Amino acid sequence: MDEVLLRSLTPSVLGILVRRGADFAAAEDAVQDALLEALRVWPAEQPRDAKAWLVTVAWRRFLDATRADAARRRREDLVGDEPAPGPARTADDTLQLYFLCAHPSLTPSSAVALTLRAVGGLTTRQIAAAYLVPEATMAQRISRAKRTVSGVRFDQPGDVATVLRVLYLVFNEGYSGDVDLAVEAIRLTRQLAAAIDHPEVAGLLALMLLHHARRCARTAPDGSLVPLAEQDRGRWDTASIAEGVQILQAALARDRLGEFQAQAAIAALHADAPTAEQTDWVQIVEWYDELTRLTDSPIVRLNRAVAIGQADGPRAGLAALAELDDTLPRHTAVAAYLHERDGDLVTAARLYAEAAHQASDLAERDHLTRQAARLNTHQRR
């Protein structure tokens with residue numbers, strides 16, 4: 001294509017557009033567009049009358065730009081004539097979605113799983129880990145829940161207990177898992193506590209605040225886990241602790257104990273201790289007894305064994321642990337810890353290594369591996 005020809009025709013085409021009524025700036029833009037189009041089209045097929053082709057294309061571009069500008073001005077005029085908008089309420093329907101997913105046609109466990117997947121944003125793997133079931137089993141459960149509610153009218157929201165369970169699991173995954181949802185879970189639980197006068201709602205909010213208060217001290221600068229006993233308590237959020245304790249005390253005063261209040265009471269005892277050595281483990285065991293009565297959860301019994309090991313000695317803790325299924329998550333890690341406290345460093349090192357192999361969380365695996373290495377190094381000295 002002859003670029004020299006294009007340059008030579010530009011002044012003539014520009015003059016024609018101006019004589020047809022285009023202002024100079026708009027005509028110049030239109031001619032530039034026409035030249036660009038010529039550079040794109042002419043190598044394949046150059047027109048017989050290059051000047052006429054440029055004038056036609058440039059004039060069309062000018063008309064298009066003029067019409068677009070006129071339309072824009074009309075829209076601006078219409079907007080200018082509209083009255084100013086009045087105040088509008090900002091709506092947040094997230095909590096309502098939690099209630100809708102907890103539909104009465106679903107079992108509580110299926111409703112929780114569906115809500116965690118559809119609204120909470122957790123993966124099937126994360127939900128399965130929270131329920132201590134294989135991922136394939138949880139995938140089937142969620143699929144069945146979706147089929148159950150397909151075509152069902154969502155005008156019967158689920159109960160508070162199911163929604164509390166969802167918020168609790170979302171917080172747990174946000175607090176210790178791959179997806180940071182802890183702050184969102186606290187926000188939604190605050191909304192629920194403001195809307196519903198229920199001691200277990202208050203208990204869950206207190207539990208979240210007390211756990212979240214320790215969050216920044218749970219990991220070292222390199223990302224490694226810091227056990228509770230080794231955490232810098234000066235880094236704990238005292239304002240959140242004070243708020244959590246106040247909310248918990250008001251809930252307990254109503255004498256309608258539930259599992260979230262019991263868990264919050266345990267967290268409050270940890271938060272109240274100036275040092276790990278001053279922790280009131282006897283009272284913590286008593287609260288775990290209450291929690292076991294309320295839930296009969298194997299995980300609660302596992303944590304109770306740790307507390308017994310602190311209150312009554314490691315052998316008492318090992319005896320409590322022996323009553324539990326050794327396939328429970330973190331069972332091996334607890335056994336390692338109690339054996340170390342009992343002075344059996346060889347067994348403890350071996351169990352720490354086994355627990356590291358079983359751990360799915362990378363930070364937890366690294367922590368357990370370091371514990372095993374520490375004990376092995378100590379034995380070689």
# chains A, B, ... in the order shown; residues from 1 in each chain; ligands from 1
>>> select_by_dssp(residues="segment 237-305 of chain A", states="helix (DSSP H, G or I)", output="PyMOL selection string")
chain A and resi 238-252+259-272+276-278+281-295+298-305
>>> write_last_selection(atoms="C-alpha atoms", output="PDB file, in the first residue's frame")
ATOM      1  CA  THR A 238      -7.771  -7.301  75.457  1.00  0.00           C
ATOM      2  CA  ALA A 239     -10.748  -5.287  74.188  1.00  0.00           C
ATOM      3  CA  SER A 240     -12.168  -8.331  72.378  1.00  0.00           C
ATOM      4  CA  ILE A 241     -11.525 -10.486  75.449  1.00  0.00           C
ATOM      5  CA  ALA A 242     -13.341  -8.022  77.707  1.00  0.00           C
ATOM      6  CA  GLU A 243     -16.290  -7.836  75.315  1.00  0.00           C
ATOM      7  CA  GLY A 244     -16.446 -11.615  74.969  1.00  0.00           C
ATOM      8  CA  VAL A 245     -16.378 -12.161  78.748  1.00  0.00           C
ATOM      9  CA  GLN A 246     -19.097  -9.558  79.289  1.00  0.00           C
ATOM     10  CA  ILE A 247     -21.361 -11.154  76.667  1.00  0.00           C
ATOM     11  CA  LEU A 248     -20.707 -14.616  78.090  1.00  0.00           C
ATOM     12  CA  GLN A 249     -21.469 -13.605  81.679  1.00  0.00           C
ATOM     13  CA  ALA A 250     -24.807 -12.131  80.612  1.00  0.00           C
ATOM     14  CA  ALA A 251     -25.665 -15.327  78.704  1.00  0.00           C
ATOM     15  CA  LEU A 252     -24.677 -17.672  81.568  1.00  0.00           C
ATOM     16  CA  GLU A 259     -22.557 -25.948  73.975  1.00  0.00           C
ATOM     17  CA  PHE A 260     -21.383 -22.564  72.652  1.00  0.00           C
ATOM     18  CA  GLN A 261     -21.627 -20.994  76.110  1.00  0.00           C
ATOM     19  CA  ALA A 262     -19.641 -23.906  77.553  1.00  0.00           C
ATOM     20  CA  GLN A 263     -16.954 -23.559  74.874  1.00  0.00           C
ATOM     21  CA  ALA A 264     -16.819 -19.812  75.479  1.00  0.00           C
ATOM     22  CA  ALA A 265     -16.370 -20.425  79.224  1.00  0.00           C
ATOM     23  CA  ILE A 266     -13.326 -22.600  78.475  1.00  0.00           C
ATOM     24  CA  ALA A 267     -11.910 -19.931  76.158  1.00  0.00           C
ATOM     25  CA  ALA A 268     -12.531 -17.282  78.842  1.00  0.00           C
ATOM     26  CA  LEU A 269     -10.560 -19.288  81.415  1.00  0.00           C
ATOM     27  CA  HIS A 270      -7.606 -19.462  79.003  1.00  0.00           C
ATOM     28  CA  ALA A 271      -7.891 -15.731  78.306  1.00  0.00           C
ATOM     29  CA  ASP A 272      -8.081 -14.912  82.022  1.00  0.00           C
ATOM     30  CA  ALA A 276       0.003 -20.755  80.901  1.00  0.00           C
ATOM     31  CA  GLU A 277       1.106 -22.112  84.282  1.00  0.00           C
ATOM     32  CA  GLN A 278      -1.644 -20.167  86.078  1.00  0.00           C
ATOM     33  CA  TRP A 281      -7.230 -26.484  84.463  1.00  0.00           C
ATOM     34  CA  VAL A 282      -9.480 -28.010  87.120  1.00  0.00           C
ATOM     35  CA  GLN A 283     -12.298 -25.660  86.203  1.00  0.00           C
ATOM     36  CA  ILE A 284     -11.605 -26.235  82.487  1.00  0.00           C
ATOM     37  CA  VAL A 285     -12.055 -29.989  83.017  1.00  0.00           C
ATOM     38  CA  GLU A 286     -15.384 -29.271  84.726  1.00  0.00           C
ATOM     39  CA  TRP A 287     -16.525 -27.254  81.716  1.00  0.00           C
ATOM     40  CA  TYR A 288     -15.403 -30.047  79.390  1.00  0.00           C
ATOM     41  CA  ASP A 289     -17.532 -32.423  81.458  1.00  0.00           C
ATOM     42  CA  GLU A 290     -20.521 -30.142  80.836  1.00  0.00           C
ATOM     43  CA  LEU A 291     -19.654 -29.903  77.153  1.00  0.00           C
ATOM     44  CA  THR A 292     -19.373 -33.689  76.878  1.00  0.00           C
ATOM     45  CA  ARG A 293     -22.811 -34.026  78.489  1.00  0.00           C
ATOM     46  CA  LEU A 294     -24.253 -31.544  75.984  1.00  0.00           C
ATOM     47  CA  THR A 295     -22.645 -32.862  72.798  1.00  0.00           C
ATOM     48  CA  PRO A 298     -15.403 -37.263  70.228  1.00  0.00           C
ATOM     49  CA  ILE A 299     -13.436 -34.068  69.577  1.00  0.00           C
ATOM     50  CA  VAL A 300     -14.670 -32.626  72.875  1.00  0.00           C
ATOM     51  CA  ARG A 301     -13.556 -35.839  74.623  1.00  0.00           C
ATOM     52  CA  LEU A 302     -10.150 -35.530  72.952  1.00  0.00           C
ATOM     53  CA  ASN A 303      -9.723 -31.969  74.224  1.00  0.00           C
ATOM     54  CA  ARG A 304     -10.970 -33.089  77.635  1.00  0.00           C
ATOM     55  CA  ALA A 305      -8.152 -35.661  77.763  1.00  0.00           C
TER      56      ALA A 305
END
>>> residues_around(residues="Asn172 of chain A", least_positions_apart="6", cutoff="9 Å", atoms="only C-alpha atoms", output="number ranges by chain")
A: 130, 181-182, 208
>>> write_last_selection(atoms="N, CA and C atoms", output="PDB file, in the first residue's frame")
ATOM      1  N   ALA A 130     -14.324 -30.764  58.452  1.00  0.00           N
ATOM      2  CA  ALA A 130     -15.023 -30.285  59.650  1.00  0.00           C
ATOM      3  C   ALA A 130     -15.950 -31.352  60.221  1.00  0.00           C
ATOM      4  N   LEU A 181     -12.438 -16.534  56.830  1.00  0.00           N
ATOM      5  CA  LEU A 181     -13.832 -16.142  56.945  1.00  0.00           C
ATOM      6  C   LEU A 181     -14.195 -15.760  58.375  1.00  0.00           C
ATOM      7  N   ALA A 182     -13.225 -15.683  59.263  1.00  0.00           N
ATOM      8  CA  ALA A 182     -13.516 -15.460  60.672  1.00  0.00           C
ATOM      9  C   ALA A 182     -14.197 -14.117  60.910  1.00  0.00           C
ATOM     10  N   MET A 208     -16.446 -16.655  69.606  1.00  0.00           N
ATOM     11  CA  MET A 208     -15.698 -16.133  68.464  1.00  0.00           C
ATOM     12  C   MET A 208     -14.762 -15.000  68.881  1.00  0.00           C
TER      13      MET A 208
END
>>> closest_residue(among="A:Thr347, A:Gln231, A:Ser8, A:Ser150", to="Ala217 of chain A", atoms="only C-alpha atoms")
A:Gln231
>>> closest_residue(among="A:Val133, A:Leu257, A:Leu368, A:Ala213", to="Pro227 of chain A", atoms="only C-alpha atoms")
A:Leu368
>>> residues_around(residues="Ala322 of chain A", least_positions_apart="3", cutoff="12 Å", atoms="only C-alpha atoms", output="list of chain:residue names")
A:Arg301, A:Leu302, A:Ala305, A:Val306, A:Arg315, A:Ala316, A:Gly317, A:Leu318, A:Ala319, A:Asp325, A:Asp326, A:Thr327, A:Leu328, A:His331, A:Thr332, A:Val334, A:Ala335, A:Leu338
>>> write_last_selection(atoms="all heavy atoms", output="CSV table (one decimal), in the first residue's frame")
chain,number,residue,atom,x,y,z
A,301,ARG,N,-14.2,-34.9,73.7
A,301,ARG,CA,-13.6,-35.8,74.6
A,301,ARG,C,-12.0,-35.8,74.4
A,301,ARG,O,-11.3,-36.0,75.4
A,301,ARG,CB,-14.1,-37.2,74.4
A,301,ARG,CG,-15.6,-37.4,74.8
A,301,ARG,CD,-16.1,-38.8,74.6
A,301,ARG,NE,-17.4,-39.0,75.0
A,301,ARG,CZ,-17.8,-39.3,76.2
A,301,ARG,NH1,-16.9,-39.4,77.2
A,301,ARG,NH2,-19.1,-39.4,76.5
A,302,LEU,N,-11.6,-35.6,73.2
A,302,LEU,CA,-10.1,-35.5,73.0
A,302,LEU,C,-9.6,-34.3,73.7
A,302,LEU,O,-8.5,-34.4,74.3
A,302,LEU,CB,-9.9,-35.4,71.4
A,302,LEU,CG,-8.5,-35.5,71.0
A,302,LEU,CD1,-7.8,-36.8,71.2
A,302,LEU,CD2,-8.4,-35.1,69.5
A,305,ALA,N,-9.3,-34.9,77.4
A,305,ALA,CA,-8.2,-35.7,77.8
A,305,ALA,C,-6.9,-34.8,78.0
A,305,ALA,O,-6.1,-35.0,78.9
A,305,ALA,CB,-7.9,-36.7,76.7
A,306,VAL,N,-6.7,-33.8,77.1
A,306,VAL,CA,-5.6,-32.9,77.2
A,306,VAL,C,-5.8,-32.1,78.6
A,306,VAL,O,-4.8,-31.9,79.3
A,306,VAL,CB,-5.6,-31.9,76.1
A,306,VAL,CG1,-4.5,-30.8,76.3
A,306,VAL,CG2,-5.3,-32.6,74.8
A,315,ARG,N,-0.5,-39.1,83.0
A,315,ARG,CA,-1.0,-40.4,83.0
A,315,ARG,C,-2.5,-40.5,83.1
A,315,ARG,O,-3.1,-41.3,82.4
A,315,ARG,CB,-0.3,-41.3,84.1
A,315,ARG,CG,1.2,-41.4,83.9
A,315,ARG,CD,1.8,-42.5,84.8
A,315,ARG,NE,3.2,-42.6,84.5
A,315,ARG,CZ,4.0,-43.4,85.0
A,315,ARG,NH1,3.6,-44.3,86.0
A,315,ARG,NH2,5.3,-43.5,84.7
A,316,ALA,N,-3.1,-39.6,83.8
A,316,ALA,CA,-4.5,-39.5,83.8
A,316,ALA,C,-5.1,-39.1,82.5
A,316,ALA,O,-6.1,-39.6,82.0
A,316,ALA,CB,-5.0,-38.5,84.9
A,317,GLY,N,-4.3,-38.2,81.8
A,317,GLY,CA,-4.7,-37.8,80.5
A,317,GLY,C,-4.6,-38.9,79.5
A,317,GLY,O,-5.5,-39.1,78.6
A,318,LEU,N,-3.6,-39.7,79.6
A,318,LEU,CA,-3.4,-40.9,78.7
A,318,LEU,C,-4.5,-41.9,79.0
A,318,LEU,O,-5.0,-42.6,78.0
A,318,LEU,CB,-2.0,-41.5,78.9
A,318,LEU,CG,-0.9,-40.7,78.3
A,318,LEU,CD1,0.5,-41.3,78.8
A,318,LEU,CD2,-0.9,-40.8,76.8
A,319,ALA,N,-4.9,-42.0,80.2
A,319,ALA,CA,-6.0,-43.0,80.5
A,319,ALA,C,-7.3,-42.5,79.9
A,319,ALA,O,-8.1,-43.3,79.3
A,319,ALA,CB,-6.2,-43.1,82.0
A,325,ASP,N,-11.3,-43.4,70.2
A,325,ASP,CA,-10.9,-44.0,68.9
A,325,ASP,C,-9.6,-43.4,68.4
A,325,ASP,O,-9.5,-42.2,68.3
A,325,ASP,CB,-12.0,-43.8,67.9
A,325,ASP,CG,-11.7,-44.5,66.5
A,325,ASP,OD1,-10.6,-45.0,66.3
A,325,ASP,OD2,-12.6,-44.5,65.7
A,326,ASP,N,-8.6,-44.2,68.2
A,326,ASP,CA,-7.3,-43.7,67.9
A,326,ASP,C,-7.2,-43.2,66.4
A,326,ASP,O,-6.1,-42.7,66.0
A,326,ASP,CB,-6.2,-44.7,68.1
A,326,ASP,CG,-6.3,-46.0,67.3
A,326,ASP,OD1,-7.2,-46.0,66.5
A,326,ASP,OD2,-5.5,-46.9,67.6
A,327,THR,N,-8.3,-43.3,65.7
A,327,THR,CA,-8.3,-42.7,64.3
A,327,THR,C,-8.8,-41.3,64.3
A,327,THR,O,-8.9,-40.7,63.3
A,327,THR,CB,-9.2,-43.6,63.4
A,327,THR,OG1,-10.5,-43.6,63.8
A,327,THR,CG2,-8.6,-45.0,63.3
A,328,LEU,N,-9.2,-40.8,65.5
A,328,LEU,CA,-9.7,-39.4,65.5
A,328,LEU,C,-8.6,-38.4,65.1
A,328,LEU,O,-7.4,-38.6,65.4
A,328,LEU,CB,-10.0,-39.0,67.0
A,328,LEU,CG,-11.4,-39.4,67.5
A,328,LEU,CD1,-11.5,-39.1,69.0
A,328,LEU,CD2,-12.5,-38.6,66.7
A,331,HIS,N,-5.5,-37.2,67.4
A,331,HIS,CA,-5.4,-38.2,68.5
A,331,HIS,C,-3.9,-38.5,68.7
A,331,HIS,O,-3.4,-38.5,69.9
A,331,HIS,CB,-6.2,-39.5,68.2
A,331,HIS,CG,-6.2,-40.5,69.3
A,331,HIS,ND1,-5.1,-41.3,69.6
A,331,HIS,CD2,-7.1,-40.9,70.2
A,331,HIS,CE1,-5.4,-42.1,70.6
A,331,HIS,NE2,-6.6,-41.8,71.0
A,332,THR,N,-3.2,-38.8,67.6
A,332,THR,CA,-1.8,-39.1,67.8
A,332,THR,C,-1.0,-38.0,68.3
A,332,THR,O,0.0,-38.2,69.1
A,332,THR,CB,-1.2,-39.6,66.4
A,332,THR,OG1,-2.1,-40.6,65.8
A,332,THR,CG2,0.2,-40.1,66.5
A,334,VAL,N,-2.0,-35.6,70.3
A,334,VAL,CA,-2.3,-35.5,71.8
A,334,VAL,C,-1.6,-36.6,72.5
A,334,VAL,O,-1.0,-36.3,73.6
A,334,VAL,CB,-3.8,-35.6,72.0
A,334,VAL,CG1,-4.1,-35.7,73.5
A,334,VAL,CG2,-4.6,-34.4,71.4
A,335,ALA,N,-1.5,-37.8,72.0
A,335,ALA,CA,-0.8,-38.8,72.7
A,335,ALA,C,0.7,-38.5,72.8
A,335,ALA,O,1.3,-38.7,73.8
A,335,ALA,CB,-1.0,-40.2,71.9
A,338,LEU,N,1.2,-35.9,75.6
A,338,LEU,CA,1.0,-36.4,76.9
A,338,LEU,C,2.2,-37.4,77.3
A,338,LEU,O,2.7,-37.4,78.4
A,338,LEU,CB,-0.3,-37.2,77.0
A,338,LEU,CG,-1.6,-36.3,77.0
A,338,LEU,CD1,-2.8,-37.1,76.9
A,338,LEU,CD2,-1.6,-35.4,78.2
>>> residues_around(residues="Arg7 of chain A", least_positions_apart="6", cutoff="12 Å", atoms="only C-alpha atoms", output="JSON, numbers by chain")
{"A": [1, 13, 14, 31, 32, 34, 35, 36, 38, 39, 50, 51, 54]}
>>> write_last_selection(atoms="N, CA and C atoms", output="PDB file, in the first residue's frame")
ATOM      1  N   MET A   1       0.846  -1.190   0.000  1.00  0.00           N
ATOM      2  CA  MET A   1       0.000   0.000   0.000  1.00  0.00           C
ATOM      3  C   MET A   1       0.885   1.245   0.000  1.00  0.00           C
ATOM      4  N   VAL A  13      -8.861  15.625   1.753  1.00  0.00           N
ATOM      5  CA  VAL A  13     -10.027  14.997   2.397  1.00  0.00           C
ATOM      6  C   VAL A  13     -10.483  15.830   3.589  1.00  0.00           C
ATOM      7  N   LEU A  14      -9.546  16.353   4.364  1.00  0.00           N
ATOM      8  CA  LEU A  14      -9.871  17.187   5.510  1.00  0.00           C
ATOM      9  C   LEU A  14     -10.634  18.435   5.073  1.00  0.00           C
ATOM     10  N   VAL A  31     -10.830  11.965   9.832  1.00  0.00           N
ATOM     11  CA  VAL A  31      -9.857  11.633   8.795  1.00  0.00           C
ATOM     12  C   VAL A  31      -8.810  10.651   9.342  1.00  0.00           C
ATOM     13  N   GLN A  32      -8.369  10.860  10.583  1.00  0.00           N
ATOM     14  CA  GLN A  32      -7.409   9.943  11.191  1.00  0.00           C
ATOM     15  C   GLN A  32      -7.990   8.531  11.285  1.00  0.00           C
ATOM     16  N   ALA A  34     -10.260   7.306   9.329  1.00  0.00           N
ATOM     17  CA  ALA A  34     -10.327   6.784   7.964  1.00  0.00           C
ATOM     18  C   ALA A  34      -8.961   6.286   7.500  1.00  0.00           C
ATOM     19  N   LEU A  35      -7.898   6.997   7.858  1.00  0.00           N
ATOM     20  CA  LEU A  35      -6.553   6.573   7.482  1.00  0.00           C
ATOM     21  C   LEU A  35      -6.198   5.245   8.150  1.00  0.00           C
ATOM     22  N   LEU A  36      -6.562   5.097   9.414  1.00  0.00           N
ATOM     23  CA  LEU A  36      -6.311   3.830  10.109  1.00  0.00           C
ATOM     24  C   LEU A  36      -7.070   2.681   9.459  1.00  0.00           C
ATOM     25  N   ALA A  38      -7.915   2.559   6.349  1.00  0.00           N
ATOM     26  CA  ALA A  38      -7.254   2.297   5.067  1.00  0.00           C
ATOM     27  C   ALA A  38      -6.030   1.417   5.268  1.00  0.00           C
ATOM     28  N   LEU A  39      -5.268   1.689   6.334  1.00  0.00           N
ATOM     29  CA  LEU A  39      -4.099   0.865   6.611  1.00  0.00           C
ATOM     30  C   LEU A  39      -4.486  -0.590   6.894  1.00  0.00           C
ATOM     31  N   ALA A  50      -9.059   6.247  -4.477  1.00  0.00           N
ATOM     32  CA  ALA A  50      -8.617   6.301  -3.089  1.00  0.00           C
ATOM     33  C   ALA A  50      -9.186   7.516  -2.366  1.00  0.00           C
ATOM     34  N   LYS A  51      -9.245   8.674  -3.046  1.00  0.00           N
ATOM     35  CA  LYS A  51      -9.725   9.892  -2.406  1.00  0.00           C
ATOM     36  C   LYS A  51     -11.197   9.769  -2.051  1.00  0.00           C
ATOM     37  N   LEU A  54     -11.662   7.539   0.991  1.00  0.00           N
ATOM     38  CA  LEU A  54     -11.302   8.193   2.246  1.00  0.00           C
ATOM     39  C   LEU A  54     -12.369   9.198   2.666  1.00  0.00           C
TER      40      LEU A  54
END
>>> residues_around(residues="Thr219 of chain A", least_positions_apart="2", cutoff="12 Å", atoms="only C-alpha atoms", output="list in words")
Tyr175, Ser176, Arg214, Arg215, Cys216, Ala217, Pro221, Asp222, Gly223, Ser224, Leu225, Val226, Pro227, Leu228, Glu230, Gln231, Asp232, Arg235, Ala363, Glu364 and His367 of chain A
>>> closest_residue(among="A:Asp49, A:Asp159, A:Asp29, A:Asp312", to="Gln96 of chain A", atoms="only C-alpha atoms")
A:Asp159
>>> closest_residue(among="A:Thr148, A:Pro199, A:Leu192, A:Ala113", to="Val170 of chain A", atoms="only C-alpha atoms")
A:Ala113
>>> residues_around(residues="Val18 of chain A", least_positions_apart="4", cutoff="12 Å", atoms="only C-alpha atoms", output="list in words")
Pro11, Ser12, Val13, Leu14, Ala22, Asp23, Phe24, Ala25, Ala26, Ala27, Glu28, Asp29, Ala30, Val31, Val55, Ala58, Trp59 and Phe62 of chain A
>>> decode(residues="segment 197-217 of chain A", atoms="N, CA and C atoms", output="compact mmCIF listing (two decimals), in the first residue's frame")
# COMPACT_ATOMS: atom_id res chain seq x y z
N ASP A 197 -32.83 -12.47 70.78
CA ASP A 197 -32.42 -12.55 72.18
C ASP A 197 -32.34 -14.01 72.58
N HIS A 198 -31.16 -14.62 72.36
CA HIS A 198 -31.00 -16.05 72.55
C HIS A 198 -29.63 -16.28 73.21
N PRO A 199 -29.57 -16.99 74.36
CA PRO A 199 -28.29 -17.14 75.05
C PRO A 199 -27.23 -17.89 74.25
N GLU A 200 -27.64 -18.83 73.39
CA GLU A 200 -26.64 -19.54 72.60
C GLU A 200 -26.08 -18.67 71.48
N VAL A 201 -26.88 -17.74 70.95
CA VAL A 201 -26.35 -16.79 69.97
C VAL A 201 -25.28 -15.93 70.65
N ALA A 202 -25.59 -15.47 71.87
CA ALA A 202 -24.62 -14.69 72.63
C ALA A 202 -23.39 -15.53 72.96
N GLY A 203 -23.62 -16.81 73.31
CA GLY A 203 -22.50 -17.69 73.61
C GLY A 203 -21.57 -17.87 72.43
N LEU A 204 -22.16 -18.02 71.23
CA LEU A 204 -21.32 -18.18 70.04
C LEU A 204 -20.54 -16.91 69.75
N LEU A 205 -21.18 -15.75 69.88
CA LEU A 205 -20.47 -14.49 69.64
C LEU A 205 -19.33 -14.33 70.63
N ALA A 206 -19.57 -14.66 71.91
CA ALA A 206 -18.50 -14.58 72.91
C ALA A 206 -17.35 -15.52 72.56
N LEU A 207 -17.69 -16.74 72.16
CA LEU A 207 -16.66 -17.72 71.78
C LEU A 207 -15.81 -17.20 70.64
N MET A 208 -16.45 -16.66 69.61
CA MET A 208 -15.70 -16.13 68.46
C MET A 208 -14.76 -15.00 68.88
N LEU A 209 -15.28 -14.08 69.69
CA LEU A 209 -14.46 -12.94 70.10
C LEU A 209 -13.26 -13.39 70.93
N LEU A 210 -13.47 -14.34 71.84
CA LEU A 210 -12.38 -14.80 72.69
C LEU A 210 -11.32 -15.54 71.90
N HIS A 211 -11.74 -16.36 70.94
CA HIS A 211 -10.75 -17.04 70.09
C HIS A 211 -10.04 -16.06 69.16
N HIS A 212 -10.81 -15.16 68.56
CA HIS A 212 -10.23 -14.22 67.60
C HIS A 212 -9.23 -13.28 68.29
N ALA A 213 -9.44 -13.03 69.58
CA ALA A 213 -8.55 -12.14 70.32
C ALA A 213 -7.12 -12.67 70.36
N ARG A 214 -6.96 -14.00 70.23
CA ARG A 214 -5.62 -14.61 70.30
C ARG A 214 -5.00 -14.81 68.92
N ARG A 215 -5.69 -14.42 67.89
CA ARG A 215 -5.30 -14.83 66.55
C ARG A 215 -3.90 -14.37 66.15
N CYS A 216 -3.57 -13.12 66.41
CA CYS A 216 -2.28 -12.61 65.92
C CYS A 216 -1.10 -13.27 66.64
N ALA A 217 -1.36 -13.90 67.80
CA ALA A 217 -0.27 -14.54 68.53
C ALA A 217 -0.13 -16.02 68.18
